[in-house]
Structures are given as C-alpha cells and as structure tokens.
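Working notes for the structure below.
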Amino acid sequence: MSLLKRIESARPGAGPAGPGGPGLPSLPPTGAGGTPPATASQRLMTQAPVRESFRDVKFRIQSRVIQDLDPKLDLSNQVEVRRQIEEIFGKVIDEEGLALTRAERVRMLEQITDEIIGLGPLEPLLRDESISEVMVNGPRQVYIERSGKLELTNVVFQNDDHVMRIIDRIIAPIGRRVDESSPMVDARLTDGSRVNASPFTVDDLVRFGTATADMFDFMRACVEARLNIFVSGGTGSGKTTTLNVLSSFIPNDERIVTIEDAAELQLRQEHVVTLESRPPNIEGKGAVPIRELVRNSLRMRPDRIIVGECRSGEALDMLQAMNTGHDGSMSTGHANSPRDMLSRLETMVLMAGVDLPVRAIREQIASAVDLIVQQSRLKDGTRKIVNITEVQGMEGDVIVMQDVFVFEQTGIVEGKIQGRLKATGIRPKFVEKFEVMGIHLPPGLFGFSY
Ligand SMILES: Nc1ncnc2c1ncn2[C@@H]1O[C@H](COP(=O)(O)OP(=O)(O)OP(=O)(O)O)[C@@H](O)[C@H]1O
Ligand SMILES: [Mg+2]
C-alpha cells in the first residue's frame with residue numbers, strides 16, 4: 001500500500017464532510033474519494049473573505065502535507081517522517097502566504113505531526129505526566145483522570161470516524177479490533193502501558209496513602225509465605241496496580257506465569273512467562289480464552305500463577321491450581337467487599353459449567369484462598385486498601401473471614417475523606433506459617449504479637 005493510502009485512512013476529514021454536529025466546522029474538500037487536490041485558485045476561493053478558523057486552515061494544510069510526503073517513506077522512521085513533515089509544512093505555509101504567528105505555526109505543526117504519526121488529539125494528553133488515564137466517550141467527550149479525579153477536557157475529534165481511526169491506531173499493532181459488534185476493547189499503547197504511566201511502587205502507594213508501610217510489610221510476608229491472594233475491588237479501583245506491587249515481592253528464583261487479557265503486569269523477576277488471551281477473529285474463530293491459558297500454564301510447571309483478572313469460569317481452574325501445589329498464586333476480581341469477592345468466586349465457578357454443589361464450591365474457595373486485599377476508590381477520588389482479610393475456613397456452610405487491617409473513616413474535611421489505616425489486633429492463623437518459613441515480622445507491628 002502506498003504511503004498516501006496508508007495515511008489517508010488516518011486522515012481526519014477524509015470523505016465527505018457531511019452535515020456534522022453542532023459546532024463542527026464543515027471541511028473544505030480535501031482530495032479524498034477521487035476529488036483532485038484543490039488547485040491554487042480553488043484554494044483561494046475556499047479561503048473566502050472571512051478568515052478561516054485555525055482548525056480549517058490546519059486541515060487544509062495537513063492534507064497538502066500528506067499529499068506531498070514521499071510515498072516510499074518508512075513510517076517507522078519517526079525522525080525522518082518528522083523532518084519531512086516539518087519541511088513540507090514550511091513550504092506549504094510559505095506558498096500560501098499564510099500569516100500565522102510563531103506560536104500558531106508551532107502549534108499547527110505539532111498538531112499535524114500528531115495526526116500523521118501519533119494519536120492525534122490524544123497526544124497532548126499522553127505527554128502530560130499528571131494525567132493517569134484517558135477515556136474517550138465520543139468525539140466531543142474526552143475525560144482524563146488527574147490526581148484521582150475525573151475531568152472533562154476540551155479535546156475534540158472531528159467526528160466518530162476520526163475517533164475510530166485513532167483507536168484503531170492504538171489497537172491495530174496488538175491485533176485487536178473494535179467495531180459495532182465488539183464495541184469494547186482493552187488495550188495498551190505500543191510502549192506496553194495502557195496509559196503512559198510507569199507502574200507505581202510500594203513507596204508511591206505509601207506516599208499516596210493507599211496503604212501504610214506496615215501493611216505492605218505484612219503483605220510482603222504473605223507473598224513470601226506463598227499465600228494465595230485475591231485483590232478485590234471495583235472498576236479502576238487500582239486492583240492491577242496492587243497486584244503488580246504484590247507480584248514484585250515474589251523471590252527472583254521462582255518461575256512465574258502471568259495470564260492476562262492485555263499485558264499490564266510488569267514483573268522484574270528472571271523467570272517470567274507472559275501469556276495473553278486473544279479475542280476471536282472476524283469469523284468468530286481463533287479465540288484463546290483466559291481459562292484455556294490457565295489450564296495450559298500448568299504444563300509449564302510454574303511455581304506461581306498470576307491471573308490478571310478472574311471474570312468467569314477460569315476462577316475454577318485458578319482455585320484448583322491454588323489447591324494443588326501452586327500456592328502463592330494471585331489474581332484480582334471485581335467485588336465491593338471481601339465477602340462479596342467470595343460470592344463472586346462462587347458465581348464464577350458456576351460459570352465454568354461444572355455440576356458441583358454449592359458447599360463443595362465453598363470448600364474449594366475456603367481452602368484455596370488465604371487472603372483478600374480489598375481495594376477501593378473513595379468518594380474523594382483517593383484509592384485505598386480498605387481491608388486486608390484472612391480467609392480462615394468453613395464453619396458449617398459459611399466461609400469464615402477475619403480482617404487483619406482495615407481503613408476506618410472518621411469524617412470528611414473539605415471534601416477529603418479522613419480516617420486511618422489500622423491493624424485490628426487480631427492475629428491471623430497463618431502467622432505460624434511465617435515462623436516456619438523463617439519470615440520474621442517485628443513483634444507488635446501489626447497490633448498483635450506472636
Ligand atoms: N493506589 C493508587 N493511587 C492512585 N492512583 C492509582 C492507584 N492505583 C491505581 N491508580 C491509578 O488508577 C487507574 C486504574 O488503576 P488499575 O488499572 O490498577 O485499576 P483496576 O482496578 O485494575 O482497573 P480495571 O477495573 O480497569 O481493571 C490507573 O490510572 C492507575 O494509575
Ligand atoms: Mg485491572
């Protein structure tokens with residue numbers, strides 16, 4: 001495919017401009033769909049007596065830059081592409097005799113470059129270090145998250161097509177697609193991040209007040225003692241982030257298999273095998289679900305299995321793995337409390353399609369899961385670990401749990417939630433395991449002695 005074709009499909013305003021929504025500038029012809037590029041005199045006419053808006057001029061210049069780019073240009077050579085864009089841009093501006101201020105010129109070149117080789121209107125957001133998440137709901141509704149709070153930005157796309165073209169650019173390199181029939185996609189950028197944020201460390205999370213250093217010392221001991229852990233929480237509550245930090249506590253000599261929909265975990269250990277699930281192709285074939293990966297992973301003889309998120313039947317395989325020699329395994333799940341996590345697990349096991357009585361499922365859960373770390377995004381936007389809970393076993397038909405750490409809210413001051421993270425003082429049953437394994441925690445540090 002020629003360079004022009006390749007970038008044509010990524011060009012805003014390709015195709016007829018259409019009536020557009022309110023406030024959407026109608027575009028001058030851009031040469032798409034067989035229309036020849038505007039001649040100098042036609043351009044003069046489109047310039048009209050009224051001064052064109054910055055955006056209109058930009059789209060016009062942009063299509064000329066695209067026309068003039070060398071069709072044999074290697075698009076992966078960003079430096080060269082940038083250099084050419086800048087050169088052609090300068091030439092076109094001079095030819096047209098456009099009176100742009102220096103600042104306008106810089107801004108226009110930047111936006112055109114972003115459009116041609118970047119993620120268009122999203123680029124400035126990705127460059128902004130203070131932004132932790134970008135959510136595109138539609139052409140004129142782009143939200144960001146900054147310091148835990150959602151904000152509506154003034155970023156606008158041309159139209160729905162423009163949004164789709166940019167989204168395609170994000171997901172095409174990883175073989176995913178999004179369309180009317182599968183409108184959801186979970187993806188990451190080419191540098192491996194879902195957003196351009198580096199993973200948080202223990203120190204970061206302590207600084208943010210997500211959990212105390214004591215809580216992390218305790219969780220580190222739990223990971224070293226090979227407890228099976230579920231991180232539970234709502235959407236975007238920070239489950240994956242916490243799972244990543246917990247995984248960092250795994251000793252370097254262990255063999256770890258991670259299983260995810262999109263590789264988000266960033267493990268530093270030497271022996272890590274990363275498996276990614278695959279959605280079905282257009283014919284509905286070739287899907288590799290998480291569940292299949294969990295089963296297959298057992299053949300790789302891992303010491304631990306880390307599943308990014310349990311949503312369905314894979315929970316059963318995960319619990320079985322936890323119960324059969326892969327202790328120290330971890331996963332996350334969507335639930336609003338540790339108790340809720342247990343009942344979600346029950347439901348997920350049923351989704352595996354096996355005919356097990358509820359009691360048997362509960363026993364399986366109770367013996368597999370040792371610890372639930374409950375993550376929450378509080379009303380003021382902060383994220384906290386609100387419970388660290390031991391799963392103790394069964395009493396009758398009920399799974400018995402016991403909080404080891406909790407967040408106790410004391411009030412709200414100027415919209416900020418006040419409270420403290422504290423040990424309940426109750427000694428978890430598995431603490432004996434720590435001793436046996438030679439893991440020593442400072443006595444009294446957790447409000448209990450052992
Ligand atoms: N403890 C934290 N403090 C502040 N921000 C955090 C914290 N943990 C995660 N975040 C930010 O919150 C966003 C969501 O985090 P993460 O992906 O870990 O959540 P999640 O619960 O796994 O989300 P999902 O429901 O999409 O799986 C990210 O932008 C991340 O950087
Ligand atoms: Mg997650």
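We label chains A, B, ... in the order they appear in the structure tokens, count residues from 1 in each chain, and number ligands from 1 in the order shown.
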Can you tell me which residues surround Pro251 in chain A at a distance of at most 12 Å, considering only C-alpha atoms, apart from same-chain residues fewer than 3 positions away, and format the answer as a list of chain:residue names?
A:Arg220, A:Ala221, A:Val223, A:Glu224, A:Ala225, A:Arg226, A:Leu246, A:Ser247, A:Ser248, A:Glu254, A:Arg255, A:Ile256, A:Leu267, A:Arg268, A:Gln269, A:Glu270, A:His271, A:Val272, A:Asp303, A:Arg304, A:Gly328
N, CA and C atoms of the current selection, written as a compact mmCIF listing (two decimals), in the first residue's frame:
# COMPACT_ATOMS: atom_id res chain seq x y z
N ARG A 220 3.99 -8.31 52.10
CA ARG A 220 5.23 -8.89 51.57
C ARG A 220 5.47 -10.26 52.23
N ALA A 221 5.27 -10.31 53.55
CA ALA A 221 5.44 -11.58 54.26
C ALA A 221 4.45 -12.62 53.73
N VAL A 223 3.19 -12.81 50.73
CA VAL A 223 3.62 -13.28 49.41
C VAL A 223 4.80 -14.24 49.56
N GLU A 224 5.75 -13.86 50.41
CA GLU A 224 6.91 -14.74 50.61
C GLU A 224 6.50 -16.07 51.20
N ALA A 225 5.48 -16.05 52.06
CA ALA A 225 4.99 -17.29 52.68
C ALA A 225 4.08 -18.09 51.74
N ARG A 226 3.98 -17.65 50.51
CA ARG A 226 3.22 -18.35 49.47
C ARG A 226 1.73 -18.47 49.77
N LEU A 246 2.29 -6.46 44.58
CA LEU A 246 2.39 -7.73 45.32
C LEU A 246 3.29 -8.70 44.57
N SER A 247 3.16 -8.72 43.24
CA SER A 247 4.00 -9.64 42.44
C SER A 247 5.47 -9.31 42.59
N SER A 248 5.76 -8.04 42.82
CA SER A 248 7.17 -7.64 42.93
C SER A 248 7.81 -8.25 44.17
N GLU A 254 11.90 -17.85 41.54
CA GLU A 254 10.70 -18.64 41.26
C GLU A 254 10.24 -18.45 39.81
N ARG A 255 9.60 -19.51 39.32
CA ARG A 255 9.11 -19.48 37.95
C ARG A 255 7.66 -19.00 37.96
N ILE A 256 7.42 -17.92 37.27
CA ILE A 256 6.10 -17.29 37.33
C ILE A 256 5.45 -17.29 35.95
N LEU A 267 6.57 -7.51 35.58
CA LEU A 267 7.37 -8.22 36.57
C LEU A 267 8.85 -8.13 36.24
N ARG A 268 9.61 -7.98 37.29
CA ARG A 268 11.06 -7.82 37.09
C ARG A 268 11.83 -9.12 37.26
N GLN A 269 11.16 -10.16 37.76
CA GLN A 269 11.86 -11.42 38.05
C GLN A 269 12.42 -12.03 36.76
N GLU A 270 13.37 -12.94 36.95
CA GLU A 270 14.05 -13.52 35.79
C GLU A 270 13.20 -14.52 35.01
N HIS A 271 12.44 -15.36 35.77
CA HIS A 271 11.72 -16.45 35.10
C HIS A 271 10.25 -16.12 35.00
N VAL A 272 9.91 -15.30 34.04
CA VAL A 272 8.51 -14.92 33.89
C VAL A 272 8.04 -15.29 32.48
N ASP A 303 5.98 -22.08 39.46
CA ASP A 303 5.85 -22.07 40.91
C ASP A 303 4.59 -21.31 41.30
N ARG A 304 4.33 -20.25 40.53
CA ARG A 304 3.15 -19.44 40.84
C ARG A 304 2.46 -19.02 39.55
N GLY A 328 0.75 -19.52 46.49
CA GLY A 328 1.46 -18.28 46.22
C GLY A 328 0.94 -17.66 44.95
All residues within 12 Å of ligand 2 are required, counting only C-alpha atoms and all ligand atoms; please report them as a ChimeraX atom specification.
/A:186-188,194,231-244,260-265,307-311,331-334,375
Using only C-alpha atoms, which of A:Ile85, A:Arg140, A:Asp380, A:Leu126 sits nearest Glu414 in chain A?
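Of A:Ile85, A:Arg140, A:Asp380, A:Leu126, the one nearest Glu414 in chain A is A:Asp380, counting only C-alpha atoms.
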Given only C-alpha atoms and all ligand atoms as the counted atoms, nearest of A:Lys416, A:Arg107, A:Arg377, A:Lys91 to ligand 1:
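For ligand 1, the nearest of the candidates is A:Arg377.
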Among range 269-315 of chain A, which residues carry a DSSP assignment of helix (DSSP H, G or I), reported as a PDB file with C-alpha atoms, in the first residue's frame?
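Saved result, out02.pdb, follows:
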ATOM      1  CA  ILE A 290      -8.012 -16.943  29.818  1.00  0.00           C
ATOM      2  CA  ARG A 291      -9.366 -20.270  31.028  1.00  0.00           C
ATOM      3  CA  GLU A 292      -7.511 -22.224  28.379  1.00  0.00           C
ATOM      4  CA  LEU A 293      -4.322 -20.364  29.215  1.00  0.00           C
ATOM      5  CA  VAL A 294      -4.682 -21.165  32.911  1.00  0.00           C
ATOM      6  CA  ARG A 295      -5.039 -24.865  32.103  1.00  0.00           C
ATOM      7  CA  ASN A 296      -2.149 -24.877  29.677  1.00  0.00           C
ATOM      8  CA  SER A 297       0.066 -22.926  32.019  1.00  0.00           C
ATOM      9  CA  LEU A 298       0.080 -25.823  34.480  1.00  0.00           C
ATOM     10  CA  ARG A 299       2.153 -27.796  31.986  1.00  0.00           C
ATOM     11  CA  MET A 300       4.818 -25.144  32.150  1.00  0.00           C
ATOM     12  CA  GLU A 314     -11.229 -19.540  34.819  1.00  0.00           C
ATOM     13  CA  ALA A 315     -11.792 -18.990  38.546  1.00  0.00           C
TER      14      ALA A 315
END
Figure out the distance between CA of Ser329 in chain A and CA of Asn228 in chain A, please, to one decimal in Å.
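Pair CA of Asn228 in chain A / CA of Ser329 in chain A returns 5.0 Å.
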Find the residues near Pro139 in chain A: any atom within 8 Å, counting only C-alpha atoms, skip ones fewer than 2 places away on the same chain, and give them as JSON, numbers by chain.
{"A": [136, 137, 141, 142, 156, 157, 158, 159, 160, 162, 163]}
Please produce a file of the residues just selected, as a PDB file, in the first residue's frame, where the atoms kept are N, CA and C atoms.
ATOM      1  N   VAL A 136     -12.079   8.066  26.240  1.00  0.00           N
ATOM      2  CA  VAL A 136     -12.739   8.685  25.098  1.00  0.00           C
ATOM      3  C   VAL A 136     -14.155   8.119  25.006  1.00  0.00           C
ATOM      4  N   ASN A 137     -15.126   8.960  25.302  1.00  0.00           N
ATOM      5  CA  ASN A 137     -16.523   8.500  25.239  1.00  0.00           C
ATOM      6  C   ASN A 137     -17.167   8.833  23.909  1.00  0.00           C
ATOM      7  N   GLN A 141     -16.332  14.202  23.822  1.00  0.00           N
ATOM      8  CA  GLN A 141     -16.380  13.889  25.252  1.00  0.00           C
ATOM      9  C   GLN A 141     -15.173  13.044  25.625  1.00  0.00           C
ATOM     10  N   VAL A 142     -14.100  13.762  25.950  1.00  0.00           N
ATOM     11  CA  VAL A 142     -12.883  13.062  26.335  1.00  0.00           C
ATOM     12  C   VAL A 142     -12.573  13.422  27.783  1.00  0.00           C
ATOM     13  N   VAL A 156     -11.312  17.724  21.173  1.00  0.00           N
ATOM     14  CA  VAL A 156     -12.387  17.283  20.286  1.00  0.00           C
ATOM     15  C   VAL A 156     -11.820  16.538  19.082  1.00  0.00           C
ATOM     16  N   PHE A 157     -12.537  15.530  18.687  1.00  0.00           N
ATOM     17  CA  PHE A 157     -12.238  14.838  17.438  1.00  0.00           C
ATOM     18  C   PHE A 157     -13.168  15.417  16.383  1.00  0.00           C
ATOM     19  N   GLN A 158     -12.823  15.205  15.109  1.00  0.00           N
ATOM     20  CA  GLN A 158     -13.662  15.645  14.005  1.00  0.00           C
ATOM     21  C   GLN A 158     -15.070  15.060  14.083  1.00  0.00           C
ATOM     22  N   ASN A 159     -15.110  13.752  14.240  1.00  0.00           N
ATOM     23  CA  ASN A 159     -16.376  13.019  14.222  1.00  0.00           C
ATOM     24  C   ASN A 159     -16.095  11.585  14.684  1.00  0.00           C
ATOM     25  N   ASP A 160     -17.101  10.750  14.637  1.00  0.00           N
ATOM     26  CA  ASP A 160     -16.938   9.369  15.100  1.00  0.00           C
ATOM     27  C   ASP A 160     -15.835   8.632  14.332  1.00  0.00           C
ATOM     28  N   HIS A 162     -13.188   9.783  13.016  1.00  0.00           N
ATOM     29  CA  HIS A 162     -11.873  10.216  13.470  1.00  0.00           C
ATOM     30  C   HIS A 162     -11.506   9.480  14.764  1.00  0.00           C
ATOM     31  N   VAL A 163     -12.470   9.360  15.673  1.00  0.00           N
ATOM     32  CA  VAL A 163     -12.229   8.617  16.920  1.00  0.00           C
ATOM     33  C   VAL A 163     -11.800   7.194  16.586  1.00  0.00           C
TER      34      VAL A 163
END
Near-Val358 in chain A list (10 Å; only C-alpha atoms; drop same-chain fewer than 2 positions) as a VMD selection string:
chain A and resid 346 to 347 349 to 350 355 to 356 360 to 364 397
Between A:Ala213, A:Val369, A:Ile166, A:Val406, which one has atoms that come closest to Met394 in chain A, using only C-alpha atoms?
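Once distances to Met394 in chain A are computed over only C-alpha atoms, the minimum belongs to A:Val369.
We find CA of Ala211 in chain A and atom 18 (O, counted along the ligand's line) of ligand 1 to be spaced 14.2 Å apart.
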Write down as a PyMOL selection string the residues belonging to range 111-319 of chain A that are assigned strand (DSSP E or B) by DSSP computed on the backbone.
chain A and resi 131-138+141-146+149-152+229-233+256-260+272-276+278+288+304-310
Write to file, as an mmCIF file, in the first residue's frame, the residues of the selection just made, with C-alpha atoms.
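New file again_8.cif:
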data_model
loop_
_atom_site.group_PDB
_atom_site.id
_atom_site.type_symbol
_atom_site.label_atom_id
_atom_site.label_comp_id
_atom_site.auth_asym_id
_atom_site.auth_seq_id
_atom_site.Cartn_x
_atom_site.Cartn_y
_atom_site.Cartn_z
ATOM 1 C CA ILE A 131 -2.701 12.529 33.680
ATOM 2 C CA SER A 132 -3.121 8.926 34.754
ATOM 3 C CA GLU A 133 -5.939 7.817 32.479
ATOM 4 C CA VAL A 134 -7.648 8.969 29.276
ATOM 5 C CA MET A 135 -11.226 7.977 28.493
ATOM 6 C CA VAL A 136 -12.739 8.685 25.098
ATOM 7 C CA ASN A 137 -16.523 8.500 25.239
ATOM 8 C CA GLY A 138 -17.160 10.202 21.935
ATOM 9 C CA GLN A 141 -16.380 13.889 25.252
ATOM 10 C CA VAL A 142 -12.883 13.062 26.335
ATOM 11 C CA TYR A 143 -12.267 12.643 30.029
ATOM 12 C CA ILE A 144 -8.996 12.407 31.868
ATOM 13 C CA GLU A 145 -8.095 11.364 35.327
ATOM 14 C CA ARG A 146 -5.755 13.581 37.297
ATOM 15 C CA LYS A 149 -10.394 12.931 39.825
ATOM 16 C CA LEU A 150 -12.197 12.786 36.505
ATOM 17 C CA GLU A 151 -12.124 15.950 34.399
ATOM 18 C CA LEU A 152 -13.782 16.705 31.060
ATOM 19 C CA ILE A 229 -4.172 -13.859 47.351
ATOM 20 C CA PHE A 230 -7.114 -12.217 45.626
ATOM 21 C CA VAL A 231 -7.142 -8.469 45.133
ATOM 22 C CA SER A 232 -10.754 -7.356 45.058
ATOM 23 C CA GLY A 233 -12.224 -4.010 44.038
ATOM 24 C CA ILE A 256 6.100 -17.294 37.333
ATOM 25 C CA VAL A 257 3.425 -17.485 34.656
ATOM 26 C CA THR A 258 1.268 -14.401 34.167
ATOM 27 C CA ILE A 259 -2.026 -14.666 32.292
ATOM 28 C CA GLU A 260 -3.798 -11.528 31.143
ATOM 29 C CA VAL A 272 8.506 -14.919 33.886
ATOM 30 C CA VAL A 273 6.334 -16.313 31.106
ATOM 31 C CA THR A 274 3.671 -13.882 29.930
ATOM 32 C CA LEU A 275 0.550 -15.324 28.312
ATOM 33 C CA GLU A 276 -2.062 -13.128 26.692
ATOM 34 C CA ARG A 278 -6.874 -13.498 22.288
ATOM 35 C CA VAL A 288 -7.768 -18.088 23.204
ATOM 36 C CA ARG A 304 3.150 -19.438 40.842
ATOM 37 C CA ILE A 305 0.382 -18.392 38.512
ATOM 38 C CA ILE A 306 -0.785 -14.812 38.309
ATOM 39 C CA VAL A 307 -4.054 -14.200 36.513
ATOM 40 C CA GLY A 308 -4.679 -10.521 35.752
ATOM 41 C CA GLU A 309 -8.377 -10.770 36.445
ATOM 42 C CA CYS A 310 -10.846 -13.609 37.059
#
Point-to-point distance in Å for CA of Ala99 in chain A and CA of Val57 in chain A
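Calculated distance between CA of Val57 in chain A and CA of Ala99 in chain A is 11.1 Å.
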Selected residue of minimal separation from ligand 1 among A:His326, A:Arg383, A:Arg427, A:Arg55, counting only C-alpha atoms and all ligand atoms
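Nearest candidate to ligand 1 out of A:His326, A:Arg383, A:Arg427, A:Arg55: A:Arg383.
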Counting only C-alpha atoms and all ligand atoms, which of A:Thr424, A:Gln266, A:Thr153, A:Ser147 gets nearest to ligand 1?
A:Ser147
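Residue nearest ligand 1, chosen from A:Phe405, A:Phe200, A:Phe216, A:Phe249 and counting only C-alpha atoms and all ligand atoms: A:Phe200.
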